[in-house]
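These notes are about the structure you will find just below.
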2 protein chains.
Amino acid sequence: MKNSRLVRKLGHFTRLSQDDKEVLEALCRSRPRRFGPRDTIIGEGERPQTVSLFLDGWACRHKGLEDGRRQIISLFLPGDLCDINIFILKQMDHSISAVTPVTVAEVTREMFEAIVEGHPRIAQALWWESLVSAAIQREWTTSLGQRDAKERISHLLCELYVRLDCVGLVERCSCQLPLSQAEIGEMTGLTAVSVNRVLQDLRHAGLIDLKSRVLTIHDLPALERIALFNANYLHLEGEGKHLAANQ
Amino acid sequence: MKNSRLVRKLGHFTRLSQDDKEVLEALCRSRPRRFGPRDTIIGEGERPQTVSLFLDGWACRHKGLEDGRRQIISLFLPGDLCDINIFILKQMDHSISAVTPVTVAEVTREMFEAIVEGHPRIAQALWWESLVSAAIQREWTTSLGQRDAKERISHLLCELYVRLDCVGLVERCSCQLPLSQAEIGEMTGLTAVSVNRVLQDLRHAGLIDLKSRVLTIHDLPALERIALFNANYLHLEGEGKHLAANQ
DNA sequence: CGTCCCCTTGAATGAAGTCAATACGCGTGG
DNA sequence: CCACGCGTATTGACTTCATTCAAGGGGACG
């Protein structure tokens, strides 16, 4: 059976048993929902009832200021999932929306807790994934605080490229990048105009291609140097692989 | 017995039983360590072995770029604790350092797991606190991405004031603010010079006083309006209070 | 074929950074 | 007790990066 994105991703952390994998695959089939671009998946103020597991398409967390400004706080790619303990909170302090058409599996609290109880290795892997999400959030904070426009955008491209690669969505240096320049601006705290100029710049330097929502990175090391990108925060070095799987 | 900061903070989420409180107080007494200003509590690259529980003083997470720029990613105030599942990671992707003299209780994995097993209400409350930390991180991302200098600094002051208040560290509109202007700059992505100008501005408008590391907020609602501050992300509205305590 | 959204580009403007000089407070040691 | 040094705060003048405003182009779709 084809590896789901989630299984593939967690495999970077630990060696999962066949049973673990099947449990996760089953999880991905639970209560599927589809959303179109810009649809709200969970809105600010609502009470979260389920954990969302993103199977296909891109979604984002975002937060609006009262005067209309909007920040995209993080991205959900296939294989990502949103805060495991989210039901503890009474209401969402931000929204989650689809960026492209999206398929989500919604996991209830009960299902979730049953899995965590019965499959310690999966539980461990899910904690790992949530720690990585937190690390990504911190890196975005760092980017916004310290990097300039060119560094920020380069950094974002490097990060997305690596994250997509680790769920099997990079082929021959290319991946989908289904974001408008305005949306990239909402992530990087820049205007669409500035994003445009930086992308031109990177294109003319021969580092990347980006057209019709497909990104190709010609010289990843160079882009990483520009971005001051260090992948250590993604914790992909098989950290839990020493834990033998009862495979 | 005097409420520890932690007990006080968790009390905003749920009603703790006397037994729960005693367990938490005991936790605060475990393996105490002290650090001086600028001491490294855990450094990037190290393997995290314990959960740090901050009892007294201020500390921060920070991340350095290769060229020397530094971003302060978050602050630890008395009653805060760092990622509960941190031992899952093989190495830290950032550092934690003392800002002022700091007292920390270091909780081992075993102690931690024992408590979570035996005291579901405490476990629940700790998850709540970690979700709030994540929400704070998202708000910092939003600030850096969307707010201008004056809004960012005002927002930071509002947040710290509320957080300190909820652990009993605000008295007559005043609290300690043991940060240099340079450090405020490292949090808000501004230079010390810009921070200085904004603070002057807020002072001259009669909104705040800030001298010898003591902050007084004269008009909190006005400051909140400037900052576009909305406390919902701190989730202080007694969200779990409906859960009766076996008190 | 017109409309809408997105991308592109140029010129003017503005917020924050840089550089540099000065002031202040505090502890230390002569 | 004073001189000194050090870290921090303050202020002014100049620079720069990114924004704003504005106009035009291209592709998808009804």
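Residue numbers start at 1 in each chain; chains themselves are named A, B, ... in the order of the structure tokens; ligands are numbered from 1 in the order shown.
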- Message: Residues of chain B within 10 Å of chain C, counting only C-alpha atoms (C1' of nucleotides) - could you list those as a ChimeraX atom specification?
- Response: /B:148-149,190-191,193-194
Selection above as a file: C-alpha atoms, as a PDB file, in the first residue's frame:
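Ended up saving to result-v5.pdb:
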ATOM      1  CA  ASP B 148       4.915  48.636  13.291  1.00  0.00           C
ATOM      2  CA  ALA B 149       7.461  49.654  15.911  1.00  0.00           C
ATOM      3  CA  LEU B 190      14.050  46.671  16.186  1.00  0.00           C
ATOM      4  CA  THR B 191      17.287  48.452  17.025  1.00  0.00           C
ATOM      5  CA  VAL B 193      17.656  53.327  19.051  1.00  0.00           C
ATOM      6  CA  SER B 194      14.183  52.720  17.668  1.00  0.00           C
TER       7      SER B 194
END
- Message: Can you tell me, as JSON, numbers by chain, which residues in range 39-94 of chain A count as strand (DSSP E or B) by DSSP?
- Response: {"A": [40, 41, 42, 50, 51, 52, 53, 54, 55, 56, 59, 60, 61, 62, 63, 64, 70, 71, 72, 73, 74, 75, 76, 81]}
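Close contacts of Ile72 in chain A, defined as residues with an atom at most 8 Å away when counting only C-alpha atoms (C1' of nucleotides), with chain neighbours fewer than 5 positions off set aside, comprise Cys60, Arg61, His62, Lys63, Glu183, Glu186 and Met187 of chain A; Thr142 of chain B.
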Using all heavy atoms, can you write the selected residues to a file as an mmCIF file, in the first residue's frame?
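Saved result, result_21.cif, follows:
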data_model
loop_
_atom_site.group_PDB
_atom_site.id
_atom_site.type_symbol
_atom_site.label_atom_id
_atom_site.label_comp_id
_atom_site.auth_asym_id
_atom_site.auth_seq_id
_atom_site.Cartn_x
_atom_site.Cartn_y
_atom_site.Cartn_z
ATOM 1 N N CYS A 60 -3.474 27.027 5.761
ATOM 2 C CA CYS A 60 -2.670 27.900 6.611
ATOM 3 C C CYS A 60 -3.421 28.313 7.872
ATOM 4 O O CYS A 60 -4.635 28.331 7.906
ATOM 5 C CB CYS A 60 -2.245 29.159 5.850
ATOM 6 S SG CYS A 60 -3.578 30.300 5.482
ATOM 7 N N ARG A 61 -2.661 28.597 8.893
ATOM 8 C CA ARG A 61 -3.171 29.312 10.052
ATOM 9 C C ARG A 61 -3.003 30.784 9.760
ATOM 10 O O ARG A 61 -1.961 31.194 9.246
ATOM 11 C CB ARG A 61 -2.286 29.105 11.263
ATOM 12 C CG ARG A 61 -2.389 27.826 11.948
ATOM 13 C CD ARG A 61 -1.469 27.939 13.168
ATOM 14 N NE ARG A 61 -0.932 26.668 13.524
ATOM 15 C CZ ARG A 61 -1.541 25.813 14.342
ATOM 16 N NH1 ARG A 61 -2.719 26.124 14.879
ATOM 17 N NH2 ARG A 61 -0.988 24.663 14.638
ATOM 18 N N HIS A 62 -3.948 31.596 10.182
ATOM 19 C CA HIS A 62 -3.747 33.032 10.026
ATOM 20 C C HIS A 62 -4.521 33.768 11.089
ATOM 21 O O HIS A 62 -5.459 33.247 11.689
ATOM 22 C CB HIS A 62 -4.163 33.496 8.638
ATOM 23 C CG HIS A 62 -5.576 33.163 8.297
ATOM 24 N ND1 HIS A 62 -6.603 34.058 8.450
ATOM 25 C CD2 HIS A 62 -6.135 32.019 7.852
ATOM 26 C CE1 HIS A 62 -7.730 33.474 8.082
ATOM 27 N NE2 HIS A 62 -7.480 32.228 7.730
ATOM 28 N N LYS A 63 -4.111 34.985 11.277
ATOM 29 C CA LYS A 63 -4.674 35.787 12.343
ATOM 30 C C LYS A 63 -4.923 37.171 11.783
ATOM 31 O O LYS A 63 -4.053 37.736 11.117
ATOM 32 C CB LYS A 63 -3.643 35.841 13.469
ATOM 33 C CG LYS A 63 -4.145 36.484 14.695
ATOM 34 C CD LYS A 63 -3.549 35.844 15.924
ATOM 35 C CE LYS A 63 -4.291 36.371 17.132
ATOM 36 N NZ LYS A 63 -3.946 35.675 18.350
ATOM 37 N N GLU A 183 0.138 36.214 -0.954
ATOM 38 C CA GLU A 183 0.145 35.281 0.177
ATOM 39 C C GLU A 183 1.544 35.108 0.746
ATOM 40 O O GLU A 183 1.729 35.056 1.968
ATOM 41 C CB GLU A 183 -0.448 33.926 -0.252
ATOM 42 C CG GLU A 183 -1.964 33.980 -0.400
ATOM 43 C CD GLU A 183 -2.542 32.822 -1.199
ATOM 44 O OE1 GLU A 183 -1.820 32.215 -2.026
ATOM 45 O OE2 GLU A 183 -3.734 32.536 -1.003
ATOM 46 N N GLU A 186 2.011 37.823 2.979
ATOM 47 C CA GLU A 186 1.349 37.710 4.280
ATOM 48 C C GLU A 186 2.093 36.786 5.241
ATOM 49 O O GLU A 186 1.907 36.842 6.437
ATOM 50 C CB GLU A 186 -0.093 37.214 4.099
ATOM 51 C CG GLU A 186 -0.996 38.264 3.485
ATOM 52 C CD GLU A 186 -2.403 37.755 3.280
ATOM 53 O OE1 GLU A 186 -2.562 36.630 2.751
ATOM 54 O OE2 GLU A 186 -3.351 38.460 3.651
ATOM 55 N N MET A 187 2.945 35.923 4.691
ATOM 56 C CA MET A 187 3.754 35.060 5.560
ATOM 57 C C MET A 187 5.023 35.754 6.008
ATOM 58 O O MET A 187 5.513 35.513 7.092
ATOM 59 C CB MET A 187 4.192 33.805 4.794
ATOM 60 C CG MET A 187 3.049 32.926 4.454
ATOM 61 S SD MET A 187 3.578 31.594 3.380
ATOM 62 C CE MET A 187 1.996 31.332 2.599
ATOM 63 N N THR B 142 2.887 37.225 14.592
ATOM 64 C CA THR B 142 1.963 38.213 14.039
ATOM 65 C C THR B 142 2.472 39.632 14.256
ATOM 66 O O THR B 142 2.444 40.467 13.358
ATOM 67 C CB THR B 142 0.573 38.059 14.686
ATOM 68 O OG1 THR B 142 0.137 36.717 14.504
ATOM 69 C CG2 THR B 142 -0.433 39.012 14.068
#
Considering only C-alpha atoms, tabulate each residue of chain A that lies at most 6 Å from chain B along with its nearest interatomic pair and the corresponding distance in Å to one decimal; arrange the rows by chain and ascending residue number and present them as a tab-separated table.
residue	atom	partner	partner_atom	distance
A:Gln71	CA	B:Thr142	CA	5.6
A:Lys90	CA	B:Glu239	CA	5.7
A:Asp93	CA	B:Tyr233	CA	5.2
A:Thr141	CA	B:Thr141	CA	5.0
A:Thr142	CA	B:Gln71	CA	5.6
A:Leu144	CA	B:Leu144	CA	5.7
A:Gly145	CA	B:Gly189	CA	4.1
A:Gly189	CA	B:Gly145	CA	4.1
A:Tyr233	CA	B:Asp93	CA	5.2
A:Glu239	CA	B:Lys90	CA	5.7
- Message: I'd like the neighbourhood of Cys175 in chain A as a list in words, where a residue qualifies if any of its atoms comes within 7 Å (using only C-alpha atoms (C1' of nucleotides)), though same-chain residues fewer than 5 positions away should be ignored.
- Response: Leu169, Val170, Val214, Leu215 and Thr216 of chain A
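Once Thr108 in chain A and its same-chain neighbours fewer than 3 positions away are set aside, Gln49, Thr50, Val51, Met111 and Phe112 of chain A remain within 8 Å of it when counting only C-alpha atoms (C1' of nucleotides).
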Just the selected residues (all heavy atoms), exported as an mmCIF file, in the first residue's frame, please.
data_model
loop_
_atom_site.group_PDB
_atom_site.id
_atom_site.type_symbol
_atom_site.label_atom_id
_atom_site.label_comp_id
_atom_site.auth_asym_id
_atom_site.auth_seq_id
_atom_site.Cartn_x
_atom_site.Cartn_y
_atom_site.Cartn_z
ATOM 1 N N GLN A 49 -13.076 20.778 17.919
ATOM 2 C CA GLN A 49 -13.656 19.494 18.321
ATOM 3 C C GLN A 49 -12.831 18.308 17.853
ATOM 4 O O GLN A 49 -12.958 17.215 18.373
ATOM 5 C CB GLN A 49 -15.071 19.345 17.733
ATOM 6 C CG GLN A 49 -16.003 20.507 18.017
ATOM 7 C CD GLN A 49 -16.657 20.417 19.385
ATOM 8 O OE1 GLN A 49 -16.304 19.571 20.196
ATOM 9 N NE2 GLN A 49 -17.608 21.292 19.653
ATOM 10 N N THR A 50 -12.035 18.531 16.824
ATOM 11 C CA THR A 50 -11.278 17.416 16.252
ATOM 12 C C THR A 50 -9.852 17.867 15.928
ATOM 13 O O THR A 50 -9.587 19.046 15.825
ATOM 14 C CB THR A 50 -11.907 16.946 14.921
ATOM 15 O OG1 THR A 50 -11.915 18.041 14.012
ATOM 16 C CG2 THR A 50 -13.318 16.445 15.124
ATOM 17 N N VAL A 51 -8.999 16.879 15.761
ATOM 18 C CA VAL A 51 -7.660 17.157 15.254
ATOM 19 C C VAL A 51 -7.708 17.010 13.743
ATOM 20 O O VAL A 51 -8.233 16.029 13.236
ATOM 21 C CB VAL A 51 -6.638 16.154 15.836
ATOM 22 C CG1 VAL A 51 -5.304 16.278 15.125
ATOM 23 C CG2 VAL A 51 -6.470 16.373 17.320
ATOM 24 N N MET A 111 -10.820 8.840 19.248
ATOM 25 C CA MET A 111 -9.957 8.043 18.382
ATOM 26 C C MET A 111 -8.507 8.344 18.708
ATOM 27 O O MET A 111 -7.660 7.454 18.785
ATOM 28 C CB MET A 111 -10.170 8.433 16.913
ATOM 29 C CG MET A 111 -11.513 8.055 16.366
ATOM 30 S SD MET A 111 -11.719 8.775 14.722
ATOM 31 C CE MET A 111 -10.401 7.942 13.820
ATOM 32 N N PHE A 112 -8.281 9.609 18.882
ATOM 33 C CA PHE A 112 -6.924 10.045 19.113
ATOM 34 C C PHE A 112 -6.359 9.444 20.380
ATOM 35 O O PHE A 112 -5.262 8.893 20.414
ATOM 36 C CB PHE A 112 -6.896 11.562 19.188
ATOM 37 C CG PHE A 112 -5.610 12.077 18.729
ATOM 38 C CD1 PHE A 112 -5.397 12.286 17.380
ATOM 39 C CD2 PHE A 112 -4.582 12.287 19.616
ATOM 40 C CE1 PHE A 112 -4.174 12.720 16.928
ATOM 41 C CE2 PHE A 112 -3.364 12.717 19.178
ATOM 42 C CZ PHE A 112 -3.153 12.942 17.830
#
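Residues of chain B having any atom within 12 Å of chain D, counting only C-alpha atoms (C1' of nucleotides), are Leu179, Ser180, Gln181, Ala182, Glu183, Ala192, Val193, Ser194, Val195, Asn196, Arg197, Leu199, Gln200, Leu210, Lys211, Ser212 and Arg213 of chain B.
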Who sits within 8 Å of Ser97 in chain A, only C-alpha atoms (C1' of nucleotides), same chain under 4 positions skipped, as an mmCIF file with C-alpha atoms, in the first residue's frame:
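File out.cif, as written:
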data_model
loop_
_atom_site.group_PDB
_atom_site.id
_atom_site.type_symbol
_atom_site.label_atom_id
_atom_site.label_comp_id
_atom_site.auth_asym_id
_atom_site.auth_seq_id
_atom_site.Cartn_x
_atom_site.Cartn_y
_atom_site.Cartn_z
ATOM 1 C CA PRO A 37 -9.463 27.646 -1.680
ATOM 2 C CA ARG A 38 -10.153 30.274 0.973
ATOM 3 C CA ASP A 39 -12.692 28.105 2.792
ATOM 4 C CA THR A 40 -12.450 28.351 6.536
ATOM 5 C CA ILE A 41 -11.584 25.015 8.121
ATOM 6 C CA ILE A 42 -11.830 26.278 11.695
ATOM 7 C CA GLY A 43 -12.560 29.893 12.487
ATOM 8 C CA ALA A 59 -3.780 25.178 4.239
ATOM 9 C CA CYS A 60 -2.670 27.900 6.611
ATOM 10 C CA ARG A 61 -3.171 29.312 10.052
ATOM 11 C CA HIS A 62 -3.747 33.032 10.026
#
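One finds CA of Pro221 in chain B at 18.0 Å from CA of Val198 in chain B.
Across B:Ala105, B:Leu81, B:Cys158, B:Arg203, the tightest approach to Leu126 in chain B is made by B:Leu81 when counting only C-alpha atoms.
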- Determine which residues of range 48-214 of chain B DSSP labels as helix (DSSP H, G or I) from the backbone of this structure, then write them out as JSON, numbers by chain. {"B": [86, 87, 88, 109, 110, 111, 112, 113, 114, 115, 116, 117, 118, 120, 121, 122, 123, 124, 125, 126, 127, 128, 129, 130, 131, 132, 133, 134, 135, 136, 137, 138, 139, 140, 141, 142, 143, 144, 145, 146, 149, 150, 151, 152, 153, 154, 155, 156, 157, 158, 159, 160, 161, 162, 163, 164, 165, 181, 182, 183, 184, 185, 186, 187, 188, 192, 193, 194, 195, 196, 197, 198, 199, 200, 201, 202, 203, 204]}
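Take CA of Ile136 in chain B and CA of Phe76 in chain B: the distance between them is 11.4 Å.
Counting from CA of Leu236 in chain B, the distance to CA of Asp19 in chain B is 22.6 Å.
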- Item | Spatial neighbours of Arg34 in chain B, max dist 10 Å, only C-alpha atoms (C1' of nucleotides), sep filter under 2 positions, as a ChimeraX atom specification | /B:32,36,39,41,55-57,98,101-105
Those same residues, written as a compact mmCIF listing (two decimals), in the first residue's frame with N, CA and C atoms?
# COMPACT_ATOMS: atom_id res chain seq x y z
N PRO B 32 16.81 22.23 42.47
CA PRO B 32 16.86 23.66 42.17
C PRO B 32 18.21 24.07 41.60
N GLY B 36 23.10 33.16 36.73
CA GLY B 36 23.26 34.61 36.70
C GLY B 36 22.89 35.16 35.33
N ASP B 39 23.89 33.80 31.72
CA ASP B 39 24.29 32.39 31.77
C ASP B 39 23.42 31.59 30.80
N ILE B 41 21.36 28.41 30.07
CA ILE B 41 20.67 27.36 30.82
C ILE B 41 20.69 26.06 30.01
N LEU B 55 11.14 29.46 38.40
CA LEU B 55 10.54 29.86 39.67
C LEU B 55 10.67 31.35 39.92
N ASP B 56 11.82 31.89 39.52
CA ASP B 56 12.10 33.27 39.87
C ASP B 56 13.06 33.86 38.85
N GLY B 57 12.86 35.11 38.54
CA GLY B 57 13.71 35.77 37.55
C GLY B 57 13.19 35.55 36.14
N ALA B 98 19.56 32.93 30.90
CA ALA B 98 19.01 33.79 31.94
C ALA B 98 19.09 35.24 31.49
N PRO B 101 19.14 37.24 37.32
CA PRO B 101 19.37 36.04 38.15
C PRO B 101 18.10 35.19 38.14
N VAL B 102 18.27 33.89 38.00
CA VAL B 102 17.13 33.01 37.76
C VAL B 102 17.21 31.79 38.68
N THR B 103 16.06 31.36 39.18
CA THR B 103 15.99 30.08 39.87
C THR B 103 15.09 29.15 39.07
N VAL B 104 15.60 27.96 38.85
CA VAL B 104 14.90 26.99 38.02
C VAL B 104 14.80 25.67 38.77
N ALA B 105 13.67 25.00 38.68
CA ALA B 105 13.60 23.62 39.16
C ALA B 105 13.73 22.72 37.94
